[in-house]
$ cat structure12.tsv   # TSV, C-alpha atoms
chain	number	residue	atom	x	y	z
A	22	MET	CA	121.11	68.50	132.87
A	23	ALA	CA	122.04	70.93	130.12
A	24	GLU	CA	121.09	74.03	132.06
A	25	HIS	CA	123.85	76.09	130.48
A	26	LEU	CA	122.16	75.87	127.06
A	27	LYS	CA	119.81	78.59	125.90
A	28	PRO	CA	116.28	77.36	125.14
A	29	ARG	CA	116.38	76.29	121.51
A	30	PRO	CA	113.73	77.52	119.03
A	31	LEU	CA	111.32	74.64	118.48
A	32	SER	CA	109.32	75.93	115.54
A	33	PRO	CA	111.06	78.71	113.61
A	34	PHE	CA	108.83	81.60	112.61
A	35	LEU	CA	109.39	85.06	111.09
A	36	THR	CA	110.93	86.41	114.30
A	37	ILE	CA	113.69	83.78	114.22
A	38	PHE	CA	115.16	84.50	110.79
A	39	ARG	CA	117.17	87.48	109.65
A	40	TRP	CA	115.29	89.49	107.04
A	41	PRO	CA	116.70	89.05	103.52
A	42	VAL	CA	115.38	91.54	100.96
A	43	THR	CA	113.42	88.87	99.12
A	44	MET	CA	111.63	87.78	102.29
A	45	ALA	CA	110.80	91.37	103.27
A	46	THR	CA	109.45	92.23	99.81
A	47	SER	CA	107.35	89.05	99.76
A	48	ILE	CA	105.77	89.77	103.16
A	49	VAL	CA	105.19	93.43	102.28
A	50	HIS	CA	103.54	92.34	98.99
A	51	ARG	CA	100.97	90.36	100.97
A	52	VAL	CA	100.47	93.09	103.59
A	53	THR	CA	99.96	95.78	100.94
A	54	GLY	CA	97.54	93.46	99.12
A	55	VAL	CA	95.38	93.11	102.22
A	56	GLY	CA	95.67	96.84	102.89
A	57	LEU	CA	94.54	97.68	99.37
A	58	ALA	CA	91.24	95.89	100.12
A	59	GLY	CA	90.66	98.85	102.45
A	60	GLY	CA	91.72	101.14	99.62
A	61	LEU	CA	89.04	99.64	97.39
A	62	VAL	CA	86.42	100.34	100.07
A	63	VAL	CA	87.50	104.00	100.11
A	64	LEU	CA	87.46	104.16	96.28
A	65	VAL	CA	83.91	102.72	96.14
A	66	TRP	CA	82.92	105.16	98.90
A	67	TRP	CA	84.26	108.03	96.74
A	68	LEU	CA	82.26	106.80	93.71
A	69	ILE	CA	79.08	106.44	95.79
A	70	ALA	CA	79.64	109.88	97.32
A	71	ALA	CA	80.11	111.46	93.87
A	72	SER	CA	76.92	109.83	92.60
A	73	SER	CA	74.97	110.91	95.71
A	74	GLY	CA	75.46	114.66	95.36
A	75	PRO	CA	77.51	117.58	96.72
A	76	GLU	CA	76.71	116.95	100.41
A	77	ALA	CA	78.04	113.36	100.44
A	78	TYR	CA	80.93	114.29	98.16
A	79	ASN	CA	82.05	117.27	100.23
A	80	PHE	CA	81.83	115.15	103.39
A	81	PHE	CA	84.23	112.66	101.78
A	82	ILE	CA	86.58	115.43	100.63
A	83	ASP	CA	86.54	117.09	104.06
A	84	LEU	CA	87.59	113.80	105.66
A	85	ALA	CA	90.23	113.18	102.98
A	86	GLU	CA	91.76	116.61	103.61
A	87	THR	CA	92.32	116.02	107.32
A	88	THR	CA	95.83	115.00	108.42
A	89	ILE	CA	94.68	111.44	109.16
A	90	GLY	CA	92.92	111.33	105.80
A	91	GLN	CA	96.06	112.46	103.99
A	92	ILE	CA	98.18	109.89	105.85
A	93	CYS	CA	95.70	107.13	104.87
A	94	LEU	CA	95.67	108.29	101.23
A	95	PHE	CA	99.47	108.40	101.18
A	96	GLY	CA	99.49	104.85	102.60
A	97	PHE	CA	97.09	103.63	99.91
A	98	THR	CA	99.11	105.43	97.21
A	99	TRP	CA	102.35	103.82	98.32
A	100	ALA	CA	100.68	100.40	98.80
A	101	LEU	CA	99.23	100.52	95.27
A	102	ALA	CA	102.58	101.64	93.80
A	103	TYR	CA	104.43	98.91	95.69
A	104	HIS	CA	101.93	96.13	94.91
A	105	ALA	CA	101.85	97.11	91.22
A	106	VAL	CA	105.64	97.35	90.78
A	107	ASN	CA	106.37	94.25	92.86
A	108	GLY	CA	103.52	92.49	91.03
A	109	ILE	CA	105.38	93.06	87.76
A	110	ARG	CA	108.46	91.53	89.48
A	111	HIS	CA	106.32	88.50	90.39
A	112	LEU	CA	105.06	88.19	86.81
A	113	ALA	CA	108.68	88.22	85.59
A	114	TRP	CA	109.39	85.34	87.99
A	115	ASP	CA	106.32	83.51	86.64
A	116	LEU	CA	107.92	83.78	83.19
A	117	GLY	CA	111.16	82.36	84.60
A	118	TYR	CA	113.27	85.54	84.79
A	119	GLY	CA	115.22	87.03	87.68
A	120	TYR	CA	115.75	84.02	89.94
A	121	GLN	CA	119.48	84.58	90.61
A	122	VAL	CA	119.89	85.54	94.28
A	123	ARG	CA	121.75	88.73	93.36
A	124	THR	CA	119.16	89.66	90.69
A	125	ALA	CA	116.28	89.02	93.09
A	126	ASP	CA	117.96	91.14	95.80
A	127	ILE	CA	118.63	94.02	93.39
A	128	SER	CA	115.10	93.93	91.93
A	129	GLY	CA	113.71	93.86	95.48
A	130	ILE	CA	115.64	96.99	96.48
A	131	ALA	CA	114.63	98.61	93.18
A	132	VAL	CA	110.95	97.89	93.93
A	133	ILE	CA	111.20	99.43	97.41
A	134	VAL	CA	112.96	102.58	96.15
A	135	LEU	CA	110.72	102.96	93.09
A	136	SER	CA	107.46	102.54	95.04
A	137	VAL	CA	108.51	105.18	97.59
A	138	LEU	CA	109.55	107.56	94.78
A	139	ILE	CA	106.21	107.06	92.98
A	140	ALA	CA	104.19	107.71	96.15
A	141	ILE	CA	106.21	110.82	97.04
A	142	GLY	CA	106.03	111.92	93.38
A	143	VAL	CA	102.24	111.66	93.29
A	144	PHE	CA	101.90	113.71	96.48
A	145	ALA	CA	104.49	116.22	95.26
A	146	ILE	CA	102.43	116.72	92.07
A	147	ALA	CA	99.28	117.14	94.17
A	148	TYR	CA	100.77	119.58	96.71
A	149	ALA	CA	102.62	121.58	94.03
A	150	GLY	CA	99.26	122.15	92.31
A	151	TYR	CA	100.02	120.20	89.14
A	152	GLY	CA	97.07	117.85	89.77
A	153	GLY	CA	93.46	118.56	88.94
A	154	TYR	CA	94.01	118.93	85.19
A	155	TYR	CA	90.59	117.35	84.44
A	156	GLN	CA	88.64	120.30	85.89
B	282	MET	CA	104.04	54.19	88.64
B	283	SER	CA	101.20	56.67	89.01
B	284	LEU	CA	98.16	55.79	91.09
B	285	GLU	CA	96.14	58.44	89.25
B	286	THR	CA	93.16	57.09	87.31
B	287	PRO	CA	93.07	57.99	83.60
B	288	LEU	CA	89.92	60.10	84.19
B	289	HIS	CA	91.58	62.05	87.03
B	290	LYS	CA	94.62	62.66	84.88
B	291	ALA	CA	92.53	63.84	81.92
B	292	GLN	CA	90.57	66.24	84.14
B	293	GLY	CA	93.86	67.75	85.34
B	294	MET	CA	92.34	69.06	88.57
B	295	GLY	CA	94.91	67.63	91.00
B	296	SER	CA	94.31	66.82	94.66
B	297	ALA	CA	92.64	70.17	95.41
B	298	HIS	CA	90.02	69.56	92.68
B	299	SER	CA	90.47	73.04	91.24
B	300	GLY	CA	93.55	72.67	89.05
B	301	VAL	CA	95.49	75.82	88.24
B	302	GLY	CA	92.30	77.94	88.05
B	303	HIS	CA	93.05	80.15	91.06
B	304	PHE	CA	96.70	80.72	90.10
B	305	TRP	CA	95.83	81.50	86.48
B	306	LYS	CA	92.96	83.90	87.28
B	307	GLN	CA	95.22	85.80	89.68
B	308	ARG	CA	97.86	86.27	86.95
B	309	VAL	CA	95.31	87.26	84.26
B	310	THR	CA	93.71	89.88	86.54
B	311	ALA	CA	97.20	91.09	87.57
B	312	VAL	CA	98.23	91.68	83.95
B	313	ALA	CA	94.93	93.45	83.20
B	314	LEU	CA	95.43	95.69	86.24
B	315	ILE	CA	98.82	97.02	85.10
B	316	PRO	CA	97.51	99.38	82.36
B	317	LEU	CA	94.29	100.03	84.31
B	318	THR	CA	96.31	101.15	87.36
B	319	VAL	CA	98.32	103.58	85.21
B	320	TRP	CA	95.07	104.98	83.79
B	321	PHE	CA	93.57	105.17	87.31
B	322	ALA	CA	96.59	107.06	88.70
B	323	ILE	CA	96.55	109.58	85.83
B	324	SER	CA	92.78	110.05	86.28
B	325	ILE	CA	92.81	110.48	90.06
B	326	ILE	CA	95.73	112.93	89.97
B	327	GLY	CA	93.76	114.86	87.34
B	328	LEU	CA	90.79	115.07	89.69
B	329	ILE	CA	92.68	116.25	92.80
B	330	GLY	CA	90.96	119.28	94.25
B	331	ALA	CA	88.21	119.09	91.64
B	332	PRO	CA	84.64	120.03	92.57
B	333	ILE	CA	81.98	117.33	92.25
B	334	ALA	CA	80.85	118.70	88.88
B	335	ALA	CA	84.27	117.93	87.36
B	336	VAL	CA	84.22	114.40	88.79
B	337	LEU	CA	80.72	113.76	87.40
B	338	ASN	CA	81.74	115.24	84.05
B	339	PHE	CA	84.78	112.96	83.97
B	340	LEU	CA	82.79	109.82	84.78
B	341	PHE	CA	79.97	110.83	82.41
B	342	ASN	CA	82.40	110.13	79.57
B	343	PRO	CA	81.63	106.51	78.53
B	344	VAL	CA	85.31	105.62	78.09
B	345	ASN	CA	86.13	106.80	81.62
B	346	ALA	CA	83.02	105.13	83.08
B	347	VAL	CA	83.87	101.77	81.48
B	348	LEU	CA	87.55	102.00	82.47
B	349	MET	CA	86.61	102.90	86.05
B	350	ALA	CA	84.17	99.96	86.18
B	351	ALA	CA	86.84	97.66	84.72
B	352	PHE	CA	89.48	98.89	87.20
B	353	VAL	CA	87.29	98.48	90.29
B	354	LEU	CA	85.66	95.18	89.26
B	355	ILE	CA	88.90	93.48	88.14
B	356	ALA	CA	90.65	94.80	91.27
B	357	LEU	CA	87.83	93.29	93.37
B	358	TYR	CA	88.24	89.95	91.57
B	359	HIS	CA	92.01	90.10	92.19
B	360	MET	CA	91.28	91.02	95.83
B	361	VAL	CA	88.94	88.03	96.34
B	362	LEU	CA	91.59	85.64	94.99
B	363	GLY	CA	94.33	87.21	97.13
B	364	LEU	CA	92.33	87.35	100.37
B	365	GLN	CA	91.22	83.75	99.77
B	366	GLU	CA	94.89	82.73	99.66
B	367	VAL	CA	95.60	84.63	102.89
B	368	ILE	CA	92.58	83.06	104.65
B	369	LEU	CA	93.55	79.54	103.55
B	370	ASP	CA	97.14	80.14	104.73
B	371	TYR	CA	96.44	81.51	108.20
B	372	VAL	CA	93.07	80.17	109.39
B	373	PRO	CA	93.33	76.51	110.41
B	374	HIS	CA	89.84	76.28	111.99
B	375	GLN	CA	87.51	74.90	109.30
B	376	GLY	CA	84.36	76.64	110.48
B	377	LEU	CA	86.01	80.05	110.77
B	378	ARG	CA	87.75	79.52	107.44
B	379	PHE	CA	84.43	78.75	105.73
B	380	PHE	CA	82.84	81.80	107.37
B	381	LEU	CA	85.68	84.11	106.27
B	382	MET	CA	85.48	82.76	102.71
B	383	LEU	CA	81.78	83.69	102.67
B	384	VAL	CA	82.57	87.15	104.09
B	385	ASN	CA	85.28	87.59	101.44
B	386	TYR	CA	82.93	86.87	98.54
B	387	THR	CA	79.95	88.75	100.01
B	388	PHE	CA	82.12	91.81	100.73
B	389	ALA	CA	83.49	91.86	97.17
B	390	LEU	CA	80.07	91.33	95.56
B	391	ALA	CA	78.57	94.12	97.67
B	392	LEU	CA	81.35	96.52	96.62
B	393	ALA	CA	80.92	95.47	92.98
B	394	ALA	CA	77.16	96.11	93.16
B	395	ALA	CA	77.75	99.51	94.78
B	396	THR	CA	80.30	100.45	92.06
B	397	ILE	CA	77.96	99.53	89.21
B	398	PHE	CA	75.08	101.36	90.92
B	399	ALA	CA	77.16	104.52	91.44
B	400	LEU	CA	78.43	104.59	87.85
B	401	LEU	CA	74.98	103.92	86.37
B	402	ARG	CA	73.53	106.69	88.50
B	403	ILE	CA	76.20	109.13	87.28
B	404	VAL	CA	75.91	108.13	83.60
B	405	GLY	CA	72.08	108.03	83.78
B	406	THR	CA	71.61	111.56	85.12
$ encode --input "structure12.tsv" --output "C-alpha coordinates"
Amino acid sequence: MAEHLKPRPLSPFLTIFRWPVTMATSIVHRVTGVGLAGGLVVLVWWLIAASSGPEAYNFFIDLAETTIGQICLFGFTWALAYHAVNGIRHLAWDLGYGYQVRTADISGIAVIVLSVLIAIGVFAIAYAGYGGYYQ
Amino acid sequence: MSLETPLHKAQGMGSAHSGVGHFWKQRVTAVALIPLTVWFAISIIGLIGAPIAAVLNFLFNPVNAVLMAAFVLIALYHMVLGLQEVILDYVPHQGLRFFLMLVNYTFALALAAATIFALLRIVGT
(Lines of atoms letter the chains of each structure in order from A and count residues from 1; the text may use other names and numbers.)
(Lines give C-alpha, C1' and ligand atoms only; values in the text may rest on other atoms or scores of the structure.)
Protein backbone atom coordinates (compact mmCIF):
# COMPACT_ATOMS: atom_id res chain seq x y z
CA MET A 1 0.00 0.00 0.00
CA ALA A 2 1.22 3.49 -0.83
CA GLU A 3 0.56 4.91 2.61
CA HIS A 4 3.54 7.24 2.42
CA LEU A 5 1.88 9.24 -0.39
CA LYS A 6 -0.15 12.33 0.39
CA PRO A 7 -3.78 12.12 -0.77
CA ARG A 8 -3.73 13.39 -4.33
CA PRO A 9 -6.21 16.09 -5.48
CA LEU A 10 -8.89 14.33 -7.49
CA SER A 11 -10.70 17.29 -9.01
CA PRO A 12 -8.66 20.50 -9.02
CA PHE A 13 -10.56 23.61 -8.00
CA LEU A 14 -9.63 27.23 -7.21
CA THR A 15 -8.00 26.27 -3.90
CA ILE A 16 -5.52 23.96 -5.66
CA PHE A 17 -3.94 26.43 -8.07
CA ARG A 18 -1.62 29.31 -7.33
CA TRP A 19 -3.24 32.63 -8.16
CA PRO A 20 -1.84 34.23 -11.32
CA VAL A 21 -2.85 37.87 -11.85
CA THR A 22 -5.05 36.99 -14.81
CA MET A 23 -6.99 34.40 -12.81
CA ALA A 24 -7.46 36.78 -9.86
CA THR A 25 -8.66 39.64 -12.08
CA SER A 26 -11.08 37.32 -13.89
CA ILE A 27 -12.62 36.03 -10.65
CA VAL A 28 -12.81 39.53 -9.18
CA HIS A 29 -14.51 40.76 -12.38
CA ARG A 30 -17.30 38.24 -11.83
CA VAL A 31 -17.56 38.92 -8.09
CA THR A 32 -17.75 42.69 -8.61
CA GLY A 33 -20.37 42.13 -11.32
CA VAL A 34 -22.60 40.21 -8.93
CA GLY A 35 -21.93 42.78 -6.20
CA LEU A 36 -22.92 45.64 -8.49
CA ALA A 37 -26.39 44.06 -8.78
CA GLY A 38 -26.71 45.11 -5.13
CA GLY A 39 -25.37 48.52 -6.10
CA LEU A 40 -28.15 48.89 -8.65
CA VAL A 41 -30.73 48.10 -5.96
CA VAL A 42 -29.28 50.91 -3.81
CA LEU A 43 -29.25 53.30 -6.81
CA VAL A 44 -32.92 52.56 -7.59
CA TRP A 45 -33.70 52.97 -3.88
CA TRP A 46 -32.03 56.42 -3.99
CA LEU A 47 -34.11 57.42 -7.06
CA ILE A 48 -37.34 56.19 -5.45
CA ALA A 49 -36.45 58.00 -2.21
CA ALA A 50 -35.77 61.26 -4.08
CA SER A 51 -39.09 60.99 -5.91
CA SER A 52 -40.97 60.19 -2.67
CA GLY A 53 -40.08 63.36 -0.77
CA PRO A 54 -37.76 64.71 1.96
CA GLU A 55 -38.68 62.10 4.59
CA ALA A 56 -37.73 59.08 2.43
CA TYR A 57 -34.72 60.90 1.00
CA ASN A 58 -33.33 61.97 4.38
CA PHE A 59 -33.82 58.42 5.69
CA PHE A 60 -31.67 57.15 2.80
CA ILE A 61 -29.02 59.84 3.39
CA ASP A 62 -28.94 59.14 7.14
CA LEU A 63 -28.26 55.46 6.43
CA ALA A 64 -25.66 56.31 3.78
CA GLU A 65 -23.79 58.55 6.24
CA THR A 66 -23.36 55.82 8.85
CA THR A 67 -19.99 54.03 8.96
CA ILE A 68 -21.50 50.85 7.51
CA GLY A 69 -23.22 52.91 4.83
CA GLN A 70 -19.95 54.60 3.88
CA ILE A 71 -18.14 51.24 3.76
CA CYS A 72 -20.87 49.85 1.47
CA LEU A 73 -20.73 52.93 -0.78
CA PHE A 74 -16.93 52.70 -0.95
CA GLY A 75 -17.30 49.02 -1.90
CA PHE A 76 -19.77 49.84 -4.66
CA THR A 77 -17.55 52.70 -5.88
CA TRP A 78 -14.50 50.46 -6.10
CA ALA A 79 -16.52 47.59 -7.64
CA LEU A 80 -17.90 49.91 -10.35
CA ALA A 81 -14.43 51.36 -11.03
CA TYR A 82 -12.90 47.89 -11.21
CA HIS A 83 -15.66 46.35 -13.35
CA ALA A 84 -15.58 49.33 -15.75
CA VAL A 85 -11.79 49.43 -16.15
CA ASN A 86 -11.41 45.66 -16.34
CA GLY A 87 -14.40 45.59 -18.70
CA ILE A 88 -12.44 47.81 -21.10
CA ARG A 89 -9.57 45.29 -20.77
CA HIS A 90 -12.01 42.51 -21.72
CA LEU A 91 -13.25 44.50 -24.73
CA ALA A 92 -9.63 44.92 -25.87
CA TRP A 93 -9.25 41.12 -25.67
CA ASP A 94 -12.47 40.74 -27.68
CA LEU A 95 -10.81 42.85 -30.39
CA GLY A 96 -7.75 40.58 -30.24
CA TYR A 97 -5.32 42.82 -28.32
CA GLY A 98 -3.27 42.13 -25.21
CA TYR A 99 -3.10 38.33 -25.19
CA GLN A 100 0.66 38.03 -24.49
CA VAL A 101 1.11 36.60 -20.99
CA ARG A 102 3.31 39.52 -19.95
CA THR A 103 0.87 42.08 -21.42
CA ALA A 104 -2.10 40.42 -19.72
CA ASP A 105 -0.24 40.35 -16.37
CA ILE A 106 0.75 44.02 -16.65
CA SER A 107 -2.75 45.14 -17.70
CA GLY A 108 -4.19 43.12 -14.82
CA ILE A 109 -1.97 44.85 -12.26
CA ALA A 110 -2.75 48.20 -13.91
CA VAL A 111 -6.49 47.52 -13.55
CA ILE A 112 -6.14 46.67 -9.85
CA VAL A 113 -4.04 49.77 -9.09
CA LEU A 114 -6.19 52.09 -11.23
CA SER A 115 -9.50 50.90 -9.74
CA VAL A 116 -8.23 51.41 -6.18
CA LEU A 117 -6.90 54.88 -7.09
CA ILE A 118 -10.25 55.86 -8.68
CA ALA A 119 -12.24 54.69 -5.64
CA ILE A 120 -9.92 56.47 -3.19
CA GLY A 121 -9.93 59.53 -5.48
CA VAL A 122 -13.73 59.72 -5.52
CA PHE A 123 -13.90 59.51 -1.72
CA ALA A 124 -11.05 62.01 -1.35
CA ILE A 125 -13.00 64.48 -3.53
CA ALA A 126 -16.11 63.86 -1.43
CA TYR A 127 -14.42 64.18 1.98
CA ALA A 128 -12.34 67.19 0.91
CA GLY A 129 -15.59 68.98 0.03
CA TYR A 130 -15.00 69.22 -3.71
CA GLY A 131 -18.17 67.23 -4.45
CA GLY A 132 -21.68 68.63 -4.52
CA TYR A 133 -21.04 71.10 -7.35
CA TYR A 134 -24.60 70.59 -8.72
CA GLN A 135 -26.26 72.27 -5.72
CA MET B 1 -17.80 16.28 -43.25
CA SER B 2 -20.37 18.31 -41.35
CA LEU B 3 -23.51 16.66 -40.05
CA GLU B 4 -25.22 20.05 -39.87
CA THR B 5 -28.29 20.39 -42.08
CA PRO B 6 -28.24 23.32 -44.54
CA LEU B 7 -31.17 24.95 -42.67
CA HIS B 8 -29.36 24.68 -39.30
CA LYS B 9 -26.23 26.16 -40.83
CA ALA B 10 -28.15 29.04 -42.41
CA GLN B 11 -29.89 29.84 -39.12
CA GLY B 12 -26.47 30.03 -37.42
CA MET B 13 -27.89 29.31 -33.97
CA GLY B 14 -25.53 26.48 -32.98
CA SER B 15 -26.26 23.73 -30.47
CA ALA B 16 -27.59 26.12 -27.81
CA HIS B 17 -30.22 27.49 -30.25
CA SER B 18 -29.38 31.09 -29.37
CA GLY B 19 -26.33 31.80 -31.51
CA VAL B 20 -24.06 34.63 -30.40
CA GLY B 21 -27.01 36.73 -29.15
CA HIS B 22 -26.08 36.65 -25.45
CA PHE B 23 -22.38 37.34 -26.07
CA TRP B 24 -23.11 40.19 -28.48
CA LYS B 25 -25.73 41.90 -26.28
CA GLN B 26 -23.33 41.80 -23.34
CA ARG B 27 -20.61 43.54 -25.39
CA VAL B 28 -23.00 46.17 -26.85
CA THR B 29 -24.36 47.06 -23.39
CA ALA B 30 -20.78 47.09 -22.02
CA VAL B 31 -19.64 49.62 -24.64
CA ALA B 32 -22.73 51.78 -24.03
CA LEU B 33 -22.05 51.73 -20.29
CA ILE B 34 -18.51 53.16 -20.59
CA PRO B 35 -19.54 56.79 -21.34
CA LEU B 36 -22.70 56.45 -19.22
CA THR B 37 -20.62 55.36 -16.20
CA VAL B 38 -18.34 58.39 -16.61
CA TRP B 39 -21.41 60.65 -16.76
CA PHE B 40 -22.93 58.86 -13.74
CA ALA B 41 -19.76 59.28 -11.65
CA ILE B 42 -19.49 63.00 -12.47
CA SER B 43 -23.19 63.45 -11.66
CA ILE B 44 -23.18 61.55 -8.35
CA ILE B 45 -20.02 63.30 -7.12
CA GLY B 46 -21.74 66.59 -8.01
CA LEU B 47 -24.71 65.63 -5.85
CA ILE B 48 -22.76 64.56 -2.74
CA GLY B 49 -24.17 66.30 0.30
CA ALA B 50 -26.89 67.94 -1.78
CA PRO B 51 -30.35 68.47 -0.30
CA ILE B 52 -33.28 66.74 -2.02
CA ALA B 53 -34.21 69.94 -3.87
CA ALA B 54 -30.87 69.91 -5.72
CA VAL B 55 -31.30 66.24 -6.64
CA LEU B 56 -34.82 66.87 -7.97
CA ASN B 57 -33.61 69.94 -9.85
CA PHE B 58 -30.82 67.89 -11.41
CA LEU B 59 -33.13 65.07 -12.51
CA PHE B 60 -35.80 67.54 -13.69
CA ASN B 61 -33.41 68.45 -16.50
CA PRO B 62 -34.54 66.23 -19.44
CA VAL B 63 -30.96 65.44 -20.50
CA ASN B 64 -30.08 64.22 -17.00
CA ALA B 65 -33.37 62.30 -16.66
CA VAL B 66 -32.84 60.48 -19.97
CA LEU B 67 -29.17 59.74 -19.22
CA MET B 68 -30.07 58.43 -15.75
CA ALA B 69 -32.80 56.22 -17.26
CA ALA B 70 -30.36 54.99 -19.93
CA PHE B 71 -27.65 54.27 -17.34
CA VAL B 72 -29.91 52.32 -14.97
CA LEU B 73 -31.85 50.43 -17.68
CA ILE B 74 -28.79 49.44 -19.74
CA ALA B 75 -26.97 48.48 -16.52
CA LEU B 76 -29.95 46.29 -15.58
CA TYR B 77 -29.87 44.64 -19.02
CA HIS B 78 -26.11 44.05 -18.62
CA MET B 79 -26.80 42.69 -15.11
CA VAL B 80 -29.43 40.22 -16.35
CA LEU B 81 -27.03 38.86 -18.97
CA GLY B 82 -24.18 38.60 -16.46
CA LEU B 83 -26.20 36.98 -13.66
CA GLN B 84 -27.66 34.55 -16.22
CA GLU B 85 -24.12 33.46 -17.09
CA VAL B 86 -23.26 33.01 -13.40
CA ILE B 87 -26.45 30.98 -12.76
CA LEU B 88 -25.84 28.72 -15.77
CA ASP B 89 -22.22 28.18 -14.64
CA TYR B 90 -22.83 27.29 -11.00
CA VAL B 91 -26.34 25.82 -10.67
CA PRO B 92 -26.47 22.27 -12.02
CA HIS B 93 -29.99 21.46 -10.71
CA GLN B 94 -32.41 22.16 -13.57
CA GLY B 95 -35.38 23.15 -11.45
CA LEU B 96 -33.39 25.56 -9.28
CA ARG B 97 -31.67 26.94 -12.36
CA PHE B 98 -35.02 27.64 -14.03
CA PHE B 99 -36.31 29.26 -10.83
CA LEU B 100 -33.23 31.50 -10.49
CA MET B 101 -33.52 32.55 -14.15
CA LEU B 102 -37.10 33.65 -13.45
CA VAL B 103 -35.98 35.51 -10.30
CA ASN B 104 -33.20 37.18 -12.32
CA TYR B 105 -35.56 38.53 -14.96
CA THR B 106 -38.36 39.44 -12.52
CA PHE B 107 -35.89 41.27 -10.25
CA ALA B 108 -34.48 43.29 -13.15
CA LEU B 109 -37.91 44.14 -14.59
CA ALA B 110 -39.14 45.26 -11.17
CA LEU B 111 -36.12 47.55 -10.74
CA ALA B 112 -36.60 48.90 -14.27
CA ALA B 113 -40.27 49.65 -13.57
CA ALA B 114 -39.36 51.37 -10.28
CA THR B 115 -36.69 53.49 -12.04
CA ILE B 116 -39.07 54.65 -14.77
CA PHE B 117 -41.77 55.37 -12.17
CA ALA B 118 -39.38 57.40 -9.99
CA LEU B 119 -38.05 59.47 -12.90
CA LEU B 120 -41.53 60.12 -14.32
CA ARG B 121 -42.72 61.22 -10.90
CA ILE B 122 -39.80 63.65 -10.58
CA VAL B 123 -40.14 65.05 -14.12
CA GLY B 124 -43.96 65.21 -13.85
CA THR B 125 -44.08 67.29 -10.66
$ interface_residues --input "structure12.tsv" --of "chain B" --to "chain A" --cutoff "8 Å" --atoms "all atoms listed in the file" --output "ChimeraX atom specification"
/B:308,311,315,318,324,326-333,335-337,339,353,356-357,360,363-364,392,395-396,399-400,402-403
$ atom_distance --input "structure12.tsv" --atom1 "CA of Gly90 (chain A)" --atom2 "CA of Gly142 (chain A)"
18.1 Å
$ residues_around --input "structure12.tsv" --residues "Leu348 (chain B)" --least-positions-apart "4" --cutoff "12 Å" --atoms "all atoms listed in the file" --output "MDAnalysis selection string"
chainID B and resid 313:314 316:321 324 339:344 352:356 397 400
$ write_last_selection --input "structure12.tsv" --atoms "C-alpha atoms" --output "short mmCIF file (atom, residue, chain, number, x, y, z; two decimals), in the frame of the given file"
data_model
loop_
_atom_site.label_atom_id
_atom_site.label_comp_id
_atom_site.auth_asym_id
_atom_site.auth_seq_id
_atom_site.Cartn_x
_atom_site.Cartn_y
_atom_site.Cartn_z
CA ALA B 313 94.93 93.45 83.20
CA LEU B 314 95.43 95.69 86.24
CA PRO B 316 97.51 99.38 82.36
CA LEU B 317 94.29 100.03 84.31
CA THR B 318 96.31 101.15 87.36
CA VAL B 319 98.32 103.58 85.21
CA TRP B 320 95.07 104.98 83.79
CA PHE B 321 93.57 105.17 87.31
CA SER B 324 92.78 110.05 86.28
CA PHE B 339 84.78 112.96 83.97
CA LEU B 340 82.79 109.82 84.78
CA PHE B 341 79.97 110.83 82.41
CA ASN B 342 82.40 110.13 79.57
CA PRO B 343 81.63 106.51 78.53
CA VAL B 344 85.31 105.62 78.09
CA PHE B 352 89.48 98.89 87.20
CA VAL B 353 87.29 98.48 90.29
CA LEU B 354 85.66 95.18 89.26
CA ILE B 355 88.90 93.48 88.14
CA ALA B 356 90.65 94.80 91.27
CA ILE B 397 77.96 99.53 89.21
CA LEU B 400 78.43 104.59 87.85
#
$ atom_distance --input "structure12.tsv" --atom1 "CA of Ala100 (chain A)" --atom2 "CA of Ile139 (chain A)"
10.4 Å
$ atom_distance --input "structure12.tsv" --atom1 "CA of Met44 (chain A)" --atom2 "CA of His298 (chain B)"
29.9 Å
$ closest_residue --input "structure12.tsv" --among "A:Ile141, A:Ala113, A:Ile133, A:Leu94" --to "Val63 (chain A)" --atoms "all atoms listed in the file"
A:Leu94
$ closest_residue --input "structure12.tsv" --among "A:Cys93, A:Trp99, A:Leu84, A:His50" --to "Val367 (chain B)" --atoms "only C-alpha atoms"
A:His50
